[in-house]
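Enquirer: After the structure tokens below, expect a handful of questions from me.
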Amino acid sequence: MLKKNNRLKSKKAFIATYKNNNVINSEMFILHIGKNKTDKNCPTRVGFVVSKKVHKRAVKRNRIKRLLREVIRLMYKSNDTSTIDNYQSLIFTAKKEALEKTYHEVKNDILILLNKLAKKNIQ
RNA sequence: AAAAGUCGGCUGAUAAUUGCGCACCACAAUAUAUAACGGUGUGAGGAAAGUCCGGACAGCCAAAAUAGCAAGUUGCUUGGGAAAUCCAAGUACCCGUGAGGGUGAGGACAGUGCCACAGAAAAGUAGAAUGCUAAUUUGCAAUACUGCAAACAGCGAUUGUGCAACGGCGAGGUAAGAGCUCACCGCUGAUAUUGUGAAAUAUCAGGCAUGGUAAACCCCUGCUGGCUGCAAGUUUGAAUUUGCAAGAAGGUGCUAUUUCCGCUUUUUAUAAAGCUUGCAUAAAAAAACGCAAAAGACAGAUAAUUAUCUUAUUACAGAAUCCGGCUUAUACCCGACUUUCUGCC
RNA sequence: CGGGACGUAGCGCAGCUUGGUAGCGCACCUCGCUUGGGACGAGGGGGUCGCAGGUUCAAAUCCUGUCGUCCCGA
């Protein structure tokens, strides 16, 4: 689980992130990117969405969320967040392909996503 | 042995590293009630699910005894239970070779409806299609007995239709037949005995009068104030709207003390100051409580990785106001008792 | 979390109240009409009535359970 400062919570924040219309896809996830930061001290906030359309049962949806949180958490722990730091908010949305995957599969998929993000940043 | 039946148990453990929610404690900082770090404790289920019942709790409406009407609901008996489409033991019926299992188990002489097609007829002591008839009347043959034919009538046995045809079967009886009579069985009623009771057993009587359907309307019986559900509801709160008076203008998902983007005033410029206040009114953003005897939030914790043990990296599956039930979904393993149409000895 | 609807032919819908025959439009197939196509006319095929159990002589319809889809309440 992430620390409180790094969680995206309010409904307004979610809507504002979606409205920014900056999206990257991977095999398992969709990443919505918020606005660039204006203040470097403000923490980046991350939200996770797994809709009921992915799976009907809450257990399997929770499992996906937990794996996602764990990947992001370990990134913060190892200070490997340079690709993220410029944004106010991020939202990870799971696709159906994310079902029944192990931790390592999820981690690799997210690394691919973040590489795409870094390339976009350079451009 | 195999195949079954009934009743249960379990729903992984340990260690290491990295983490999260909540409660309490301590410390410092800002500053006077809070965030991070630290310590201690604690942290999903047998179904948490479906929301099918019953409550607690809350608000609104109605009303207080009692009675009636309406509405809803219950439906074999006894006991348990706050209550229940609840539980236990029994009764009756049904299913199974059996151990056992199942049951929405009052009433179809209170009334109404329906029973397609077929069939004469689908409930009205109905009807004569296929049929039966040595009675009665007439005709013919004949001494007569009798035979043949027709009429009037009798019949509900036979054939046929149908899920279902007005008790079943046998004997007597009769022109042919018929509970018309009798035995047995079924049904209905009464009495006696046993049992708390549902009922059971026995005896007697009736003479069949009562087709099915109430998960059709309904009737009877017992019970119940009704409706809405924690998005119930309670409290705090004063952003904002409108009007009046003064007035320069604010904006945003977050961070913003006017610190970011803008605006106004003053000033050559840097820069500085300011971006509301009071009264009345409308509406109700938001927060807390509700909501926790050791889970308990509000984008929502209970986790991730590795190793060892093990059947177990595994089935079904994630608390959201709280309890009592029911129903449904469930992998592997373990225990106890029981049965036999079956196979072998 | 609570409340409420709906599952019938490839698609969109009737029928369910009051149980016995599953029907309508578009689409599809065949034939006709046309030089050819469309339109039009005639004929035809296609449905475990979401699934399972029960009541009944008989269930799309009545009852119970279950699966799925959708809507409403901040």
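Please note that chains go A, B, ... in the order of the structure tokens, that every chain numbers its residues from 1, and that ligands are numbered from 1 in the order shown.
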Please report as a Markdown table every residue of chain B lying within 12 Å of chain A, along with the nearest atom pair and their distance in Å (one decimal), using only C-alpha atoms (C1' of nucleotides).

Expert:
| residue | atom | partner | partner_atom | distance |
| --- | --- | --- | --- | --- |
| B:U18 | C1' | A:Leu74 | CA | 8.3 |
| B:G19 | C1' | A:Met1 | CA | 6.6 |
| B:C20 | C1' | A:Met1 | CA | 5.0 |
| B:G21 | C1' | A:Met1 | CA | 9.8 |
| B:A35 | C1' | A:Asn5 | CA | 10.1 |
| B:A36 | C1' | A:Lys3 | CA | 10.1 |
| B:A44 | C1' | A:Val59 | CA | 11.4 |
| B:A48 | C1' | A:Ala58 | CA | 11.6 |
| B:A49 | C1' | A:Arg57 | CA | 9.9 |
| B:U252 | C1' | A:Ala16 | CA | 10.6 |
| B:G253 | C1' | A:Ala13 | CA | 3.8 |
| B:C254 | C1' | A:Gln88 | CA | 7.3 |
| B:U255 | C1' | A:Cys42 | CA | 5.4 |
| B:A256 | C1' | A:Asp39 | CA | 9.8 |
| B:U259 | C1' | A:Asp39 | CA | 11.6 |
| B:C260 | C1' | A:Thr38 | CA | 7.2 |
| B:C261 | C1' | A:Thr38 | CA | 10.8 |
| B:C298 | C1' | A:Lys9 | CA | 10.0 |
| B:A299 | C1' | A:Lys9 | CA | 5.0 |
| B:G300 | C1' | A:Lys9 | CA | 9.8 |
| B:A301 | C1' | A:Met1 | CA | 8.5 |
| B:U302 | C1' | A:Met1 | CA | 10.9 |
| B:A303 | C1' | A:Arg66 | CA | 6.9 |
| B:A304 | C1' | A:Glu70 | CA | 6.3 |
| B:U305 | C1' | A:Tyr103 | CA | 8.7 |
| B:U313 | C1' | A:Thr102 | CA | 10.4 |
| B:C316 | C1' | A:Arg57 | CA | 11.0 |
| B:A317 | C1' | A:Val59 | CA | 6.9 |
| B:G318 | C1' | A:Val59 | CA | 5.6 |

Enquirer: Can you list, as number ranges by chain, every protein, DNA or RNA residue that comes within 12 Å of A214 in chain B when you count only C-alpha atoms (C1' of nucleotides), leaving out same-chain residues fewer than 6 positions away?

Expert: B: 104, 106-108, 113; C: 55

Enquirer: Keeping C-alpha atoms (C1' of nucleotides) for every residue in the selection just given, could you write it to a file as a JSON list (two decimals), in the first residue's frame?

Expert:
[["chain", "number", "residue", "atom", "x", "y", "z"],
["B", 104, "G", "C1'", -46.16, -25.35, -0.77],
["B", 106, "G", "C1'", -56.67, -26.91, 6.20],
["B", 107, "G", "C1'", -61.24, -26.74, 2.85],
["B", 108, "A", "C1'", -63.44, -28.93, -3.83],
["B", 113, "G", "C1'", -64.40, -20.20, -12.78],
["C", 55, "U", "C1'", -47.61, -27.64, -9.26]]

Enquirer: What lies within 12 Å of G290 in chain B using only C-alpha atoms (C1' of nucleotides), ignoring chain neighbours under 2 positions off, as JSON, numbers by chain?

Expert: {"B": [57, 58, 230, 232, 233, 234, 235, 288, 292, 321, 322]}

Enquirer: Near range 132-149 of chain B, counting only C-alpha atoms (C1' of nucleotides), which residues have an atom at most 10 Å away, once you skip same-chain residues fewer than 4 positions from it, shown as a PyMOL selection string?

Expert: chain B and resi 153-155+157-158+175-177

Enquirer: Using only C-alpha atoms (C1' of nucleotides), determine which residues lie at most 10 Å from Thr93 in chain A, disregarding the query and same-chain residues fewer than 4 positions distant; provide the list as a PyMOL selection string.

Expert: chain A and resi 25+28-32+47-51+65+68+98

Enquirer: Would you save the residues of that selection, restricted to all heavy atoms, as a JSON list (two decimals), in the first residue's frame?

Expert:
[["chain", "number", "residue", "atom", "x", "y", "z"],
["A", 25, "ASN", "N", -1.18, 3.02, -23.65],
["A", 25, "ASN", "CA", -1.66, 1.65, -23.50],
["A", 25, "ASN", "C", -0.50, 0.69, -23.39],
["A", 25, "ASN", "O", 0.55, 0.89, -23.95],
["A", 25, "ASN", "CB", -2.48, 1.25, -24.72],
["A", 25, "ASN", "CG", -3.85, 1.87, -24.66],
["A", 25, "ASN", "OD1", -4.58, 1.62, -23.72],
["A", 25, "ASN", "ND2", -4.17, 2.70, -25.63],
["A", 28, "MET", "N", -1.69, -5.02, -20.60],
["A", 28, "MET", "CA", -2.63, -5.25, -19.50],
["A", 28, "MET", "C", -3.31, -3.98, -18.99],
["A", 28, "MET", "O", -4.38, -4.07, -18.41],
["A", 28, "MET", "CB", -1.89, -5.87, -18.31],
["A", 28, "MET", "CG", -1.25, -7.19, -18.59],
["A", 28, "MET", "SD", -0.55, -7.84, -17.09],
["A", 28, "MET", "CE", 0.65, -8.98, -17.74],
["A", 29, "PHE", "N", -2.67, -2.81, -19.18],
["A", 29, "PHE", "CA", -3.16, -1.64, -18.49],
["A", 29, "PHE", "C", -3.30, -0.44, -19.42],
["A", 29, "PHE", "O", -2.69, -0.38, -20.50],
["A", 29, "PHE", "CB", -2.21, -1.24, -17.34],
["A", 29, "PHE", "CG", -2.03, -2.33, -16.36],
["A", 29, "PHE", "CD1", -0.89, -3.11, -16.36],
["A", 29, "PHE", "CD2", -3.02, -2.60, -15.43],
["A", 29, "PHE", "CE1", -0.73, -4.13, -15.45],
["A", 29, "PHE", "CE2", -2.87, -3.62, -14.52],
["A", 29, "PHE", "CZ", -1.73, -4.39, -14.53],
["A", 30, "ILE", "N", -4.11, 0.52, -18.96],
["A", 30, "ILE", "CA", -4.23, 1.81, -19.61],
["A", 30, "ILE", "C", -3.76, 2.85, -18.59],
["A", 30, "ILE", "O", -4.15, 2.78, -17.43],
["A", 30, "ILE", "CB", -5.68, 2.12, -20.01],
["A", 30, "ILE", "CG1", -6.20, 1.03, -20.93],
["A", 30, "ILE", "CG2", -5.79, 3.49, -20.66],
["A", 30, "ILE", "CD1", -7.69, 1.08, -21.12],
["A", 31, "LEU", "N", -2.91, 3.79, -19.04],
["A", 31, "LEU", "CA", -2.38, 4.80, -18.13],
["A", 31, "LEU", "C", -2.87, 6.18, -18.54],
["A", 31, "LEU", "O", -2.61, 6.62, -19.65],
["A", 31, "LEU", "CB", -0.85, 4.77, -18.14],
["A", 31, "LEU", "CG", -0.14, 5.81, -17.29],
["A", 31, "LEU", "CD1", -0.51, 5.64, -15.83],
["A", 31, "LEU", "CD2", 1.36, 5.71, -17.47],
["A", 32, "HIS", "N", -3.64, 6.82, -17.63],
["A", 32, "HIS", "CA", -4.06, 8.20, -17.85],
["A", 32, "HIS", "C", -3.07, 9.11, -17.12],
["A", 32, "HIS", "O", -2.78, 8.88, -15.95],
["A", 32, "HIS", "CB", -5.47, 8.42, -17.30],
["A", 32, "HIS", "CG", -6.51, 7.72, -18.07],
["A", 32, "HIS", "ND1", -7.23, 8.31, -19.08],
["A", 32, "HIS", "CD2", -6.96, 6.44, -18.01],
["A", 32, "HIS", "CE1", -8.07, 7.45, -19.59],
["A", 32, "HIS", "NE2", -7.94, 6.30, -18.96],
["A", 47, "GLY", "N", -3.66, 6.71, -8.86],
["A", 47, "GLY", "CA", -4.92, 6.03, -8.61],
["A", 47, "GLY", "C", -4.98, 4.74, -9.40],
["A", 47, "GLY", "O", -4.30, 4.58, -10.41],
["A", 48, "PHE", "N", -5.80, 3.81, -8.91],
["A", 48, "PHE", "CA", -5.92, 2.51, -9.57],
["A", 48, "PHE", "C", -7.40, 2.21, -9.80],
["A", 48, "PHE", "O", -8.22, 2.37, -8.90],
["A", 48, "PHE", "CB", -5.32, 1.40, -8.72],
["A", 48, "PHE", "CG", -3.89, 1.68, -8.34],
["A", 48, "PHE", "CD1", -3.60, 2.25, -7.11],
["A", 48, "PHE", "CD2", -2.87, 1.38, -9.22],
["A", 48, "PHE", "CE1", -2.29, 2.51, -6.76],
["A", 48, "PHE", "CE2", -1.57, 1.65, -8.87],
["A", 48, "PHE", "CZ", -1.28, 2.21, -7.65],
["A", 49, "VAL", "N", -7.73, 1.75, -11.00],
["A", 49, "VAL", "CA", -9.13, 1.46, -11.33],
["A", 49, "VAL", "C", -9.20, 0.06, -11.92],
["A", 49, "VAL", "O", -8.48, -0.26, -12.87],
["A", 49, "VAL", "CB", -9.67, 2.47, -12.35],
["A", 49, "VAL", "CG1", -11.07, 2.09, -12.78],
["A", 49, "VAL", "CG2", -9.65, 3.86, -11.77],
["A", 50, "VAL", "N", -10.06, -0.77, -11.33],
["A", 50, "VAL", "CA", -10.37, -2.08, -11.92],
["A", 50, "VAL", "C", -11.88, -2.17, -11.98],
["A", 50, "VAL", "O", -12.54, -2.27, -10.95],
["A", 50, "VAL", "CB", -9.80, -3.24, -11.09],
["A", 50, "VAL", "CG1", -10.06, -4.54, -11.79],
["A", 50, "VAL", "CG2", -8.33, -3.05, -10.85],
["A", 51, "SER", "N", -12.44, -2.12, -13.16],
["A", 51, "SER", "CA", -13.90, -2.05, -13.24],
["A", 51, "SER", "C", -14.51, -3.44, -13.13],
["A", 51, "SER", "O", -13.84, -4.45, -13.25],
["A", 51, "SER", "CB", -14.33, -1.41, -14.55],
["A", 51, "SER", "OG", -14.58, -2.40, -15.50],
["A", 65, "LYS", "N", -5.42, -4.88, -8.07],
["A", 65, "LYS", "CA", -5.08, -3.61, -7.43],
["A", 65, "LYS", "C", -3.88, -3.75, -6.52],
["A", 65, "LYS", "O", -2.99, -2.90, -6.49],
["A", 65, "LYS", "CB", -6.27, -3.14, -6.57],
["A", 65, "LYS", "CG", -7.33, -2.39, -7.31],
["A", 65, "LYS", "CD", -8.23, -1.76, -6.27],
["A", 65, "LYS", "CE", -9.47, -1.18, -6.89],
["A", 65, "LYS", "NZ", -10.36, -0.65, -5.85],
["A", 68, "LEU", "N", -0.64, -4.00, -8.43],
["A", 68, "LEU", "CA", -0.29, -2.68, -8.97],
["A", 68, "LEU", "C", 0.33, -1.80, -7.89],
["A", 68, "LEU", "O", 1.38, -1.18, -8.08],
["A", 68, "LEU", "CB", -1.54, -2.01, -9.52],
["A", 68, "LEU", "CG", -1.93, -2.37, -10.94],
["A", 68, "LEU", "CD1", -3.29, -1.83, -11.25],
["A", 68, "LEU", "CD2", -0.92, -1.79, -11.90],
["A", 98, "ALA", "N", -5.25, -8.47, -17.53],
["A", 98, "ALA", "CA", -4.50, -8.45, -16.27],
["A", 98, "ALA", "C", -4.94, -9.52, -15.30],
["A", 98, "ALA", "O", -4.34, -9.70, -14.26],
["A", 98, "ALA", "CB", -4.67, -7.07, -15.62]]

Enquirer: Considering only C-alpha atoms (C1' of nucleotides), state which residue in the set A:Val23, A:Ile110, A:Lys120, A:Lys56 is at the smallest distance from chain C.

Expert: A:Lys56

Enquirer: Rounded to one decimal in Å, what is the spacing between C1' of U74 in chain B and C1' of U224 in chain B?

Expert: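 Computed distance, C1' of U74 in chain B to C1' of U224 in chain B, equals 10.6 Å.
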
Enquirer: Could you name the residues that touch range 83-97 of chain B at 9 Å or less, counting only C-alpha atoms (C1' of nucleotides), but leaving out those on the same chain fewer than 2 positions away, as a list in words?

Expert: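 Residues near the query, excluding close chain neighbours: C52, C53, G54, G55, C76, U77, U78, G79, G80, G81, G100, G101, G102, U103, A105, A198, A199, G324, G325, C326, U340 and C341 of chain B.
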
Enquirer: Residues of the last selection are to be written out with C-alpha atoms (C1' of nucleotides), as a short mmCIF file (atom, residue, chain, number, x, y, z; two decimals), in the first residue's frame.

Expert:
data_model
loop_
_atom_site.label_atom_id
_atom_site.label_comp_id
_atom_site.auth_asym_id
_atom_site.auth_seq_id
_atom_site.Cartn_x
_atom_site.Cartn_y
_atom_site.Cartn_z
"C1'" C B 52 -35.17 -15.05 0.31
"C1'" C B 53 -37.34 -14.49 5.55
"C1'" G B 54 -37.21 -12.60 10.74
"C1'" G B 55 -35.65 -8.87 14.20
"C1'" C B 76 -50.38 -31.90 10.28
"C1'" U B 77 -48.84 -32.36 15.94
"C1'" U B 78 -45.85 -31.35 20.31
"C1'" G B 79 -41.71 -28.83 22.22
"C1'" G B 80 -37.80 -24.91 21.64
"C1'" G B 81 -37.18 -19.78 20.05
"C1'" G B 100 -32.09 -43.43 4.55
"C1'" G B 101 -34.39 -39.20 1.88
"C1'" G B 102 -38.47 -35.80 0.50
"C1'" U B 103 -43.26 -33.00 1.28
"C1'" A B 105 -49.40 -31.86 4.40
"C1'" A B 198 -51.32 -35.12 14.97
"C1'" A B 199 -53.18 -40.00 14.72
"C1'" G B 324 -30.80 -14.87 14.07
"C1'" G B 325 -31.98 -18.19 10.04
"C1'" C B 326 -32.55 -20.06 4.98
"C1'" U B 340 -26.48 -53.74 0.22
"C1'" C B 341 -30.01 -55.38 -5.77
#

Enquirer: Please identify the strand (DSSP E) residues within range 83-115 of chain A (assignment by DSSP from backbone atoms) and present them as a list in words.

Expert: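 Assigned to strand (DSSP E), within range 83-115 of chain A: Ser89, Leu90, Ile91, Phe92, Thr93 and Ala94 of chain A.
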
Enquirer: Store the residues of this selection in a file with N, CA and C atoms, as a short mmCIF file (atom, residue, chain, number, x, y, z; two decimals), in the first residue's frame.

Expert:
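Result file follows (part-v2.cif):
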data_model
loop_
_atom_site.label_atom_id
_atom_site.label_comp_id
_atom_site.auth_asym_id
_atom_site.auth_seq_id
_atom_site.Cartn_x
_atom_site.Cartn_y
_atom_site.Cartn_z
N SER A 89 -0.68 13.67 -11.44
CA SER A 89 -1.48 12.48 -11.13
C SER A 89 -1.34 11.45 -12.25
N LEU A 90 -1.53 10.18 -11.85
CA LEU A 90 -1.55 9.07 -12.79
C LEU A 90 -2.70 8.15 -12.41
N ILE A 91 -3.35 7.57 -13.43
CA ILE A 91 -4.38 6.56 -13.13
C ILE A 91 -4.09 5.32 -13.95
N PHE A 92 -3.95 4.18 -13.26
CA PHE A 92 -3.80 2.90 -13.94
C PHE A 92 -5.16 2.22 -14.01
N THR A 93 -5.57 1.87 -15.23
CA THR A 93 -6.84 1.16 -15.40
C THR A 93 -6.53 -0.22 -15.96
N ALA A 94 -7.09 -1.25 -15.31
CA ALA A 94 -6.77 -2.62 -15.73
C ALA A 94 -7.67 -3.04 -16.88
#

Enquirer: Which residues come within 12 Å of A118 in chain B, counting only C-alpha atoms (C1' of nucleotides), excluding same-chain residues fewer than 5 positions away, as a ChimeraX atom specification?

Expert: /B:160-162

Enquirer: Using only C-alpha atoms (C1' of nucleotides) for the distances, tell me which of C:U30, C:A39, C:A14, C:G68 is nearest to chain A.

Expert: C:G68
